[in-house]
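Data from final.cif: mmCIF, C-alpha atoms
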data_upload
#
loop_
_atom_site.label_atom_id
_atom_site.label_comp_id
_atom_site.auth_asym_id
_atom_site.auth_seq_id
_atom_site.Cartn_x
_atom_site.Cartn_y
_atom_site.Cartn_z
CA MET N 93 31.75 -5.95 -1.74
CA THR N 94 31.28 -2.71 -3.55
CA THR N 95 28.31 -0.73 -2.48
CA MET N 96 26.37 0.78 -5.29
CA THR N 97 23.38 2.99 -5.36
CA HIS N 98 20.62 1.22 -7.18
CA GLU N 99 17.91 3.07 -8.92
CA THR N 100 14.29 2.35 -8.16
CA GLN N 101 12.35 2.33 -11.39
CA ILE N 102 8.63 2.93 -11.57
CA THR N 103 6.53 2.28 -14.62
CA ALA N 104 2.87 3.17 -14.90
CA ASP N 105 1.56 1.12 -17.80
CA ASP N 106 -0.75 3.07 -20.13
CA LYS N 107 -2.84 0.07 -21.20
CA VAL N 108 -3.65 -1.53 -17.85
CA PRO N 109 -3.83 0.03 -14.35
CA VAL N 110 -0.54 -1.44 -13.22
CA ILE N 111 2.36 0.07 -11.30
CA ARG N 112 5.64 -1.76 -11.76
CA ILE N 113 8.62 -1.22 -9.47
CA THR N 114 12.07 -2.62 -10.23
CA ARG N 115 15.04 -2.48 -7.87
CA GLU N 116 18.33 -4.38 -7.50
CA PHE N 117 19.88 -5.43 -4.20
CA ASP N 118 23.41 -6.43 -3.23
CA ALA N 119 22.13 -9.58 -1.52
CA PRO N 120 20.94 -13.00 -2.65
CA PRO N 121 17.21 -13.62 -3.27
CA ALA N 122 16.95 -15.76 -0.12
CA LYS N 123 17.88 -12.77 2.01
CA VAL N 124 15.69 -10.27 0.19
CA PHE N 125 12.82 -12.75 0.38
CA ARG N 126 13.33 -13.18 4.12
CA ALA N 127 13.20 -9.41 4.63
CA HIS N 128 9.75 -9.54 3.01
CA ALA N 129 8.43 -12.72 4.64
CA ASP N 130 9.55 -12.21 8.24
CA PRO N 131 7.30 -9.56 9.84
CA GLU N 132 9.99 -8.49 12.33
CA LEU N 133 12.35 -7.74 9.47
CA LEU N 134 9.63 -6.22 7.31
CA ALA N 135 8.67 -3.76 10.04
CA GLN N 136 12.25 -2.45 10.00
CA TRP N 137 12.10 -1.13 6.46
CA LEU N 138 8.59 -1.02 5.02
CA GLY N 139 7.07 1.99 6.72
CA PRO N 140 8.34 5.56 6.57
CA ARG N 141 10.68 6.42 9.43
CA ASP N 142 8.21 8.80 11.02
CA LEU N 143 5.53 6.12 11.23
CA GLU N 144 5.58 3.23 13.66
CA MET N 145 4.63 -0.09 12.13
CA THR N 146 2.78 -2.68 14.21
CA VAL N 147 2.12 -6.12 12.76
CA ASP N 148 -1.26 -7.49 13.80
CA TYR N 149 -0.81 -10.86 12.09
CA PHE N 150 1.43 -11.99 9.27
CA ASP N 151 1.42 -15.52 7.91
CA CYS N 152 3.50 -15.39 4.74
CA ARG N 153 2.64 -18.68 3.07
CA THR N 154 0.22 -19.79 0.35
CA GLY N 155 -3.25 -19.23 1.76
CA GLY N 156 -2.01 -17.06 4.64
CA ALA N 157 -3.11 -13.54 5.57
CA TYR N 158 -1.68 -10.37 7.08
CA ARG N 159 -2.60 -7.09 8.67
CA TYR N 160 -0.40 -4.26 9.86
CA VAL N 161 -0.88 -0.71 11.02
CA HIS N 162 1.23 2.40 10.54
CA ARG N 163 0.87 4.90 13.37
CA ARG N 164 1.88 8.49 13.90
CA GLY N 165 0.46 9.96 17.10
CA THR N 166 -3.28 9.47 16.80
CA GLU N 167 -3.17 8.80 13.05
CA GLU N 168 -3.59 5.17 12.08
CA TYR N 169 -3.33 3.56 8.66
CA GLY N 170 -4.27 -0.11 8.52
CA PHE N 171 -3.46 -2.46 5.65
CA TYR N 172 -4.49 -6.06 5.14
CA GLY N 173 -4.61 -8.79 2.55
CA SER N 174 -4.03 -12.44 1.87
CA PHE N 175 -1.08 -14.34 0.53
CA HIS N 176 -2.24 -16.04 -2.59
CA GLU N 177 0.95 -17.81 -3.63
CA VAL N 178 4.25 -17.88 -1.77
CA ARG N 179 7.30 -19.73 -3.10
CA PRO N 180 10.26 -19.05 -0.82
CA ASN N 181 13.07 -17.06 -2.44
CA GLU N 182 11.09 -16.81 -5.69
CA VAL N 183 7.73 -15.12 -5.54
CA ILE N 184 5.08 -13.62 -3.27
CA VAL N 185 1.63 -13.01 -4.73
CA GLN N 186 -0.63 -11.15 -2.34
CA THR N 187 -3.64 -8.89 -2.20
CA PHE N 188 -3.31 -5.46 -0.60
CA THR N 189 -6.04 -3.22 0.78
CA PHE N 190 -5.84 0.08 2.62
CA GLU N 191 -8.53 0.08 5.32
CA GLY N 192 -9.38 3.67 4.51
CA PHE N 193 -10.56 2.48 1.10
CA PRO N 194 -11.85 -1.06 1.70
CA ASP N 195 -13.40 -1.43 -1.78
CA GLY N 196 -9.99 -1.05 -3.36
CA VAL N 197 -7.76 -4.06 -3.65
CA ALA N 198 -4.45 -4.41 -5.41
CA LEU N 199 -3.08 -7.71 -6.64
CA GLU N 200 0.65 -7.62 -6.05
CA ARG N 201 3.34 -9.92 -7.33
CA ALA N 202 6.86 -9.61 -5.93
CA GLN N 203 9.40 -11.59 -7.88
CA PHE N 204 12.93 -12.24 -6.63
CA ASP N 205 15.32 -12.98 -9.51
CA THR N 206 18.98 -13.88 -9.24
CA ILE N 207 21.20 -11.62 -11.31
CA GLU N 208 24.98 -11.46 -11.75
CA ASP N 209 27.19 -12.02 -8.66
CA GLY N 210 24.30 -13.70 -6.84
CA ARG N 211 22.53 -10.40 -6.41
CA THR N 212 18.77 -9.87 -6.62
CA ARG N 213 16.45 -8.06 -8.94
CA LEU N 214 13.12 -7.41 -7.28
CA THR N 215 10.13 -6.73 -9.54
CA VAL N 216 6.90 -5.71 -7.88
CA THR N 217 3.83 -5.55 -10.11
CA SER N 218 0.72 -4.05 -8.60
CA LEU N 219 -2.58 -4.32 -10.47
CA VAL N 220 -5.44 -2.16 -9.24
CA GLY N 221 -9.11 -1.91 -10.23
CA SER N 222 -9.08 1.19 -12.41
CA PHE N 223 -6.94 4.01 -13.73
CA GLU N 224 -8.58 6.39 -11.25
CA GLU N 225 -7.64 4.10 -8.40
CA ARG N 226 -4.08 3.96 -9.63
CA ALA N 227 -4.02 7.74 -9.83
CA ALA N 228 -5.21 7.95 -6.25
CA ILE N 229 -2.45 5.55 -5.19
CA LEU N 230 0.24 7.42 -7.07
CA ALA N 231 -0.97 10.70 -5.63
CA SER N 232 -1.49 9.38 -2.09
CA GLY N 233 0.95 8.65 0.68
CA MET N 234 2.88 11.73 -0.28
CA ASP N 235 2.57 13.64 2.94
CA HIS N 236 4.77 16.38 1.68
CA GLY N 237 3.76 18.14 -1.41
CA VAL N 238 0.55 16.43 -2.32
CA ARG N 239 -1.52 19.35 -1.14
CA GLU N 240 0.72 21.66 -3.05
CA GLY N 241 0.19 19.40 -6.07
CA TYR N 242 -3.55 19.58 -5.74
CA GLU N 243 -3.43 23.32 -5.34
CA LYS N 244 -1.39 23.64 -8.49
CA LEU N 245 -3.77 21.42 -10.41
CA ASP N 246 -6.65 23.46 -9.06
CA GLU N 247 -5.04 26.65 -10.31
CA LEU N 248 -4.34 25.09 -13.64
CA LEU N 249 -7.89 23.88 -14.06
CA ARG N 250 -9.30 27.26 -13.13
CA LYS N 251 -7.48 28.93 -16.03
CA MET H 129 -12.67 20.58 -5.72
CA PRO H 130 -9.11 19.32 -6.04
CA ALA H 131 -9.86 15.63 -5.61
CA ASP H 132 -12.61 15.85 -8.21
CA ALA H 133 -10.35 17.68 -10.59
CA LEU H 134 -7.79 14.94 -10.15
CA SER H 135 -10.38 12.23 -10.72
CA ALA H 136 -11.60 14.01 -13.83
CA VAL H 137 -8.10 13.96 -15.33
CA PHE H 138 -7.67 10.29 -14.65
CA ALA H 139 -11.22 9.38 -15.66
CA ALA H 140 -10.55 11.19 -18.92
CA LEU H 141 -7.45 9.06 -19.41
CA ALA H 142 -9.19 5.78 -18.59
CA ASP H 143 -10.38 5.42 -22.18
CA PRO H 144 -7.93 3.92 -24.73
CA ILE H 145 -8.96 6.24 -27.59
CA ARG H 146 -8.56 9.29 -25.36
CA ARG H 147 -5.14 8.09 -24.22
CA ASP H 148 -4.18 7.60 -27.85
CA ILE H 149 -5.44 11.09 -28.77
CA VAL H 150 -3.35 12.52 -25.94
CA ALA H 151 -0.30 10.55 -27.08
CA ARG H 152 -0.65 12.00 -30.57
CA LEU H 153 -1.12 15.52 -29.23
CA THR H 154 2.20 15.27 -27.42
CA GLU H 155 3.78 15.49 -30.90
CA SER H 156 1.76 18.38 -32.29
CA ASP H 157 -1.58 20.15 -32.21
CA ALA H 158 -4.21 18.63 -34.50
CA THR H 159 -7.73 19.29 -35.71
CA VAL H 160 -10.70 17.08 -34.97
CA ASN H 161 -10.57 15.76 -38.52
CA GLU H 162 -6.91 14.86 -38.23
CA LEU H 163 -7.49 13.21 -34.88
CA ALA H 164 -10.45 11.19 -36.15
CA LYS H 165 -8.63 9.78 -39.16
CA PRO H 166 -7.06 6.63 -37.66
CA TYR H 167 -10.22 5.50 -35.87
CA ASP H 168 -13.20 3.64 -37.11
CA VAL H 169 -15.55 6.02 -35.31
CA THR H 170 -17.60 9.05 -36.29
CA LEU H 171 -16.38 12.64 -36.03
CA GLN H 172 -19.06 13.14 -33.40
CA ALA H 173 -17.59 10.34 -31.30
CA VAL H 174 -14.14 11.92 -31.47
CA SER H 175 -15.62 15.32 -30.61
CA LYS H 176 -17.24 13.73 -27.60
CA HIS H 177 -13.88 12.31 -26.47
CA LEU H 178 -12.31 15.73 -26.93
CA LYS H 179 -15.05 17.31 -24.87
CA VAL H 180 -14.26 14.95 -21.98
CA LEU H 181 -10.55 15.77 -22.28
CA GLU H 182 -11.32 19.48 -22.48
CA GLU H 183 -13.58 19.44 -19.42
CA ALA H 184 -10.92 17.62 -17.48
CA GLY H 185 -8.44 20.33 -18.41
CA VAL H 186 -6.24 17.94 -20.38
CA VAL H 187 -6.63 19.70 -23.73
CA ARG H 188 -7.59 23.15 -24.95
CA ARG H 189 -9.33 24.14 -28.20
CA SER H 190 -8.05 27.31 -29.74
CA ARG H 191 -10.44 30.02 -30.79
CA ASP H 192 -9.05 29.97 -34.32
CA ALA H 193 -12.43 29.55 -36.00
CA GLN H 194 -11.07 28.00 -39.20
CA ARG H 195 -9.08 25.13 -37.82
CA ARG H 196 -9.79 24.96 -34.09
CA PRO H 197 -6.69 22.87 -33.45
CA VAL H 198 -6.59 20.88 -30.23
CA HIS H 199 -3.71 21.67 -27.92
CA LEU H 200 -2.42 19.53 -25.07
CA GLU H 201 -2.16 21.17 -21.64
CA ALA H 202 1.38 20.04 -20.99
CA GLU H 203 1.34 21.31 -17.41
CA VAL H 204 -1.20 18.69 -16.41
CA PHE H 205 1.22 16.06 -17.59
CA ASP H 206 4.17 17.64 -15.86
CA LEU H 207 2.13 17.37 -12.70
CA MET H 208 1.43 13.69 -13.29
CA THR H 209 5.09 13.07 -13.95
CA LYS H 210 5.82 14.75 -10.63
CA TRP H 211 3.38 12.51 -8.80
CA ILE H 212 5.06 9.45 -10.22
CA GLU H 213 8.46 10.86 -9.31
CA ARG H 214 7.36 11.43 -5.72
CA TYR H 215 6.00 7.89 -5.57
CA ARG H 216 9.31 6.65 -6.93
CA ARG H 217 11.25 8.59 -4.33
CA ARG H 218 9.17 7.05 -1.57
CA ALA H 219 9.83 3.57 -2.91
CA GLU H 220 13.51 4.47 -3.10
CA GLU H 221 13.56 5.57 0.55
CA ARG H 222 11.93 2.29 1.51
CA TYR H 223 14.45 0.23 -0.45
CA SER H 224 17.40 2.18 0.94
CA ARG H 225 16.20 1.08 4.38
CA LEU H 226 16.01 -2.49 3.04
CA ASP H 227 19.59 -2.15 1.71
CA GLU H 228 20.70 -1.20 5.21
CA LEU H 229 18.84 -4.12 6.77
CA LEU H 230 20.24 -6.61 4.23
CA ARG H 231 23.77 -5.49 5.11
CA SER H 232 23.12 -6.24 8.76
CA MET H 233 21.54 -9.67 8.18
CA PRO H 234 23.73 -12.78 8.60
CA ASP H 235 24.61 -14.78 5.47
CA ASP H 236 22.99 -17.98 6.68
CA ASP H 237 20.14 -18.18 4.21
CA GLN H 238 21.67 -20.82 1.97
CA GLN H 239 21.75 -23.36 4.79
CA GLN H 240 18.08 -22.88 5.58
CA ALA H 241 16.19 -25.33 3.42
CA PRO H 242 13.23 -23.39 2.10
CA THR H 243 9.94 -25.07 2.87
CA THR H 244 6.90 -24.66 0.70
CA SER H 245 4.53 -24.72 3.61
CA LYS H 246 5.69 -22.26 6.21
CA PRO H 247 8.80 -20.15 6.62
CA ARG H 248 10.48 -21.84 9.54
CA LYS H 249 11.39 -19.69 12.47
CA GLU H 250 13.87 -20.83 15.07
CA THR H 251 12.53 -19.22 18.18
CA ARG H 252 14.02 -21.72 20.60
CA PRO H 253 17.54 -22.99 20.95
#

Would you write out, as structure tokens, the structure that this file holds?
Amino acid sequence: MTTMTHETQITADDKVPVIRITREFDAPPAKVFRAHADPELLAQWLGPRDLEMTVDYFDCRTGGAYRYVHRRGTEEYGFYGSFHEVRPNEVIVQTFTFEGFPDGVALERAQFDTIEDGRTRLTVTSLVGSFEERAAILASGMDHGVREGYEKLDELLRK
Amino acid sequence: MPADALSAVFAALADPIRRDIVARLTESDATVNELAKPYDVTLQAVSKHLKVLEEAGVVRRSRDAQRRPVHLEAEVFDLMTKWIERYRRRAEERYSRLDELLRSMPDDDQQQAPTTSKPRKETRP
């Protein structure tokens, strides 16, 4: 099998506060789905390498719920939500909340589509409560450079 | 404060008319009159939108007393593009790890009949 580099595409819709991610994988939907639904597998790829991911509970089925924590030293980032609709190898609809901002909740839909050669196209659509919230999400989780970004914006706005 | 400045930019862009004004300013500078034309709102309403955009640092009004064209602060948008690019790169790192994992997973998925209730896990032989 030829190994290709697939591009991750991000779209930030300008009409609704949605972030859409599209990515192709050289594996069938069943496998890509399993890597999302099995917490042991999920923990191997979801978090950044410098953070340790611990799954508190993870019941990936319609009506189920999950919680996991990313740790680095004494820093802890908890995330939780519920699985609204799960159809194996097809779709996972879940809510997603960062415990540091409990009033914020994203509604996420991950769709696993079969494309040519039995490969998978994953489309993740994340709908948040407001454009400001989306901005915070886009600007957050960027350990490197976000401060620099803020500083630059600060400078710019002082002009 | 940086976080406030950031919120101001995005609050300014939360309104559809303001986003449309910004979209049109990406093509060229324009006066308040020109900007107001396509909308069914008063000049005052458009001026108010421009004031919000100006206070957020998204646009600048020139001192040219006659026309006072509105100019887009392109740097603010470059910055936003950069944020999205960083977010994209993070997602890409995550999915490269998933690529690696998928390569190491056995090809036995087809045999596993998917259940609608609970993903079955064989923990015992």

Apply the PyMOL selection byres ((chain N and resi 131) around 12) to the displayed file and report the matching residues as a PDB file with C-alpha atoms, in the coordinates of the input.
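Contents of the output file out_18.pdb:
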ATOM      1  CA  PHE N 125      12.820 -12.750   0.380  1.00  0.00           C
ATOM      2  CA  ARG N 126      13.330 -13.180   4.120  1.00  0.00           C
ATOM      3  CA  ALA N 127      13.200  -9.410   4.630  1.00  0.00           C
ATOM      4  CA  HIS N 128       9.750  -9.540   3.010  1.00  0.00           C
ATOM      5  CA  ALA N 129       8.430 -12.720   4.640  1.00  0.00           C
ATOM      6  CA  ASP N 130       9.550 -12.210   8.240  1.00  0.00           C
ATOM      7  CA  GLU N 132       9.990  -8.490  12.330  1.00  0.00           C
ATOM      8  CA  LEU N 133      12.350  -7.740   9.470  1.00  0.00           C
ATOM      9  CA  LEU N 134       9.630  -6.220   7.310  1.00  0.00           C
ATOM     10  CA  ALA N 135       8.670  -3.760  10.040  1.00  0.00           C
ATOM     11  CA  GLN N 136      12.250  -2.450  10.000  1.00  0.00           C
ATOM     12  CA  TRP N 137      12.100  -1.130   6.460  1.00  0.00           C
ATOM     13  CA  LEU N 138       8.590  -1.020   5.020  1.00  0.00           C
ATOM     14  CA  GLY N 139       7.070   1.990   6.720  1.00  0.00           C
ATOM     15  CA  MET N 145       4.630  -0.090  12.130  1.00  0.00           C
ATOM     16  CA  THR N 146       2.780  -2.680  14.210  1.00  0.00           C
ATOM     17  CA  VAL N 147       2.120  -6.120  12.760  1.00  0.00           C
ATOM     18  CA  ASP N 148      -1.260  -7.490  13.800  1.00  0.00           C
ATOM     19  CA  TYR N 149      -0.810 -10.860  12.090  1.00  0.00           C
ATOM     20  CA  PHE N 150       1.430 -11.990   9.270  1.00  0.00           C
ATOM     21  CA  ASP N 151       1.420 -15.520   7.910  1.00  0.00           C
ATOM     22  CA  CYS N 152       3.500 -15.390   4.740  1.00  0.00           C
ATOM     23  CA  ALA N 157      -3.110 -13.540   5.570  1.00  0.00           C
ATOM     24  CA  TYR N 158      -1.680 -10.370   7.080  1.00  0.00           C
ATOM     25  CA  ARG N 159      -2.600  -7.090   8.670  1.00  0.00           C
ATOM     26  CA  TYR N 160      -0.400  -4.260   9.860  1.00  0.00           C
TER      27      TYR N 160
ATOM     28  CA  PRO H 247       8.800 -20.150   6.620  1.00  0.00           C
ATOM     29  CA  LYS H 249      11.390 -19.690  12.470  1.00  0.00           C
TER      30      LYS H 249
END

Check your understanding: Between CA of Gly192 in chain N and CA of Ala227 in chain N, what is the distance, to one decimal in Å?
Key -> 15.8 Å

Exercise for review: Check which residues satisfy the PyMOL selection byres ((chain H and resi 145) around 12) in the file shown, then give them as number ranges by chain.
Suggested key: N: 106-107; H: 140-144, 146-152, 163-164, 166-169, 173-178, 180-181

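When CA of Val220 in chain N is paired with CA of Thr189 in chain N, their separation reads 10.1 Å.
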
Review point. Between CA of Val198 in chain H and CA of Glu182 in chain H, what is the distance, to one decimal in Å?
Key: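 That distance, rounded to one decimal, is 9.2 Å.
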
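Contact shell of Arg213 in chain N at 6 Å (all atoms listed in the file; same-chain neighbours under 5 positions omitted): N:Arg115, N:Glu116, N:Phe204, N:Asp205.
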
**Study point:** Residue nearest chain N - candidates H:Arg195, H:Thr154, H:Gly185, H:Thr209, atoms counted: only C-alpha atoms
**Key:** H:Gly185

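Residues matching the PyMOL selection byres ((chain N and resi 99) around 10) in this structure come to N:Met96, N:Thr97, N:His98, N:Thr100, N:Gln101, N:Ile102, N:Thr114, N:Arg115, N:Glu116, N:Phe117, H:Arg216, H:Arg217, H:Glu220, H:Tyr223, H:Ser224.
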
Check your understanding: Residues around (-0.3, 16.8, -16.0), cut-off 10 Å, counting all atoms listed in the file - what are they as a count of residues only?
Key -> 19

Practice item. Within 12 Å of (-12.1, -7.1, -2.9) (coordinates as in the file), grab all the protein and nucleic acid residues, counting only C-alpha atoms, and write them out as a PyMOL selection string. Key: chain N and resi 172-174+187-191+193-199+220-221

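Distances here use all atoms listed in the file; by that measure, the residue among N:Asp118, N:Glu208, N:Glu200, N:Glu224 closest to Phe175 in chain N is N:Glu200.
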
Point to revise | Which of N:Asp209, N:Pro121, N:Ala202, N:Val110 sits closest to chain H [using only C-alpha atoms] | key: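 Of N:Asp209, N:Pro121, N:Ala202, N:Val110, the one nearest chain H is N:Pro121, counting only C-alpha atoms.
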
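Nearest-residue note for chain H: choosing from N:Asp105, N:Gln186, N:His162, N:Asn181, the minimum distance belongs to N:Asn181, counting only C-alpha atoms.
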
Any chance you could turn range 149-163 of chain N into a file with N, CA and C atoms, as a PDB file, in the first residue's frame?
ATOM      1  N   TYR N 149     -13.875   7.657  32.281  1.00  0.00           N
ATOM      2  CA  TYR N 149     -14.864   6.699  31.781  1.00  0.00           C
ATOM      3  C   TYR N 149     -15.145   7.008  30.319  1.00  0.00           C
ATOM      4  N   PHE N 150     -15.569   6.025  29.579  1.00  0.00           N
ATOM      5  CA  PHE N 150     -15.716   6.199  28.141  1.00  0.00           C
ATOM      6  C   PHE N 150     -16.644   5.117  27.611  1.00  0.00           C
ATOM      7  N   ASP N 151     -17.873   5.476  27.393  1.00  0.00           N
ATOM      8  CA  ASP N 151     -18.886   4.509  26.978  1.00  0.00           C
ATOM      9  C   ASP N 151     -19.445   4.969  25.632  1.00  0.00           C
ATOM     10  N   CYS N 152     -18.734   4.602  24.565  1.00  0.00           N
ATOM     11  CA  CYS N 152     -19.048   5.129  23.236  1.00  0.00           C
ATOM     12  C   CYS N 152     -20.225   4.387  22.603  1.00  0.00           C
ATOM     13  N   ARG N 153     -21.404   4.712  23.033  1.00  0.00           N
ATOM     14  CA  ARG N 153     -22.639   4.205  22.417  1.00  0.00           C
ATOM     15  C   ARG N 153     -23.712   5.252  22.620  1.00  0.00           C
ATOM     16  N   THR N 154     -24.795   5.151  21.856  1.00  0.00           N
ATOM     17  CA  THR N 154     -25.892   6.119  21.959  1.00  0.00           C
ATOM     18  C   THR N 154     -26.349   6.213  23.406  1.00  0.00           C
ATOM     19  N   GLY N 155     -26.318   7.423  23.953  1.00  0.00           N
ATOM     20  CA  GLY N 155     -26.712   7.604  25.346  1.00  0.00           C
ATOM     21  C   GLY N 155     -25.580   7.446  26.347  1.00  0.00           C
ATOM     22  N   GLY N 156     -24.380   7.119  25.878  1.00  0.00           N
ATOM     23  CA  GLY N 156     -23.231   6.949  26.762  1.00  0.00           C
ATOM     24  C   GLY N 156     -22.576   8.273  27.131  1.00  0.00           C
ATOM     25  N   ALA N 157     -21.515   8.208  27.927  1.00  0.00           N
ATOM     26  CA  ALA N 157     -20.826   9.428  28.346  1.00  0.00           C
ATOM     27  C   ALA N 157     -19.325   9.165  28.454  1.00  0.00           C
ATOM     28  N   TYR N 158     -18.545  10.242  28.540  1.00  0.00           N
ATOM     29  CA  TYR N 158     -17.107  10.057  28.661  1.00  0.00           C
ATOM     30  C   TYR N 158     -16.492  11.189  29.461  1.00  0.00           C
ATOM     31  N   ARG N 159     -15.323  10.918  29.994  1.00  0.00           N
ATOM     32  CA  ARG N 159     -14.500  11.953  30.604  1.00  0.00           C
ATOM     33  C   ARG N 159     -13.046  11.500  30.511  1.00  0.00           C
ATOM     34  N   TYR N 160     -12.182  12.418  30.122  1.00  0.00           N
ATOM     35  CA  TYR N 160     -10.753  12.107  30.145  1.00  0.00           C
ATOM     36  C   TYR N 160      -9.971  13.337  30.559  1.00  0.00           C
ATOM     37  N   VAL N 161      -8.737  13.085  30.979  1.00  0.00           N
ATOM     38  CA  VAL N 161      -7.905  14.170  31.496  1.00  0.00           C
ATOM     39  C   VAL N 161      -6.548  14.131  30.809  1.00  0.00           C
ATOM     40  N   HIS N 162      -6.083  15.294  30.375  1.00  0.00           N
ATOM     41  CA  HIS N 162      -4.717  15.417  29.867  1.00  0.00           C
ATOM     42  C   HIS N 162      -3.857  16.008  30.988  1.00  0.00           C
ATOM     43  N   ARG N 163      -2.719  15.371  31.252  1.00  0.00           N
ATOM     44  CA  ARG N 163      -1.861  15.848  32.332  1.00  0.00           C
ATOM     45  C   ARG N 163      -0.447  16.137  31.846  1.00  0.00           C
TER      46      ARG N 163
END
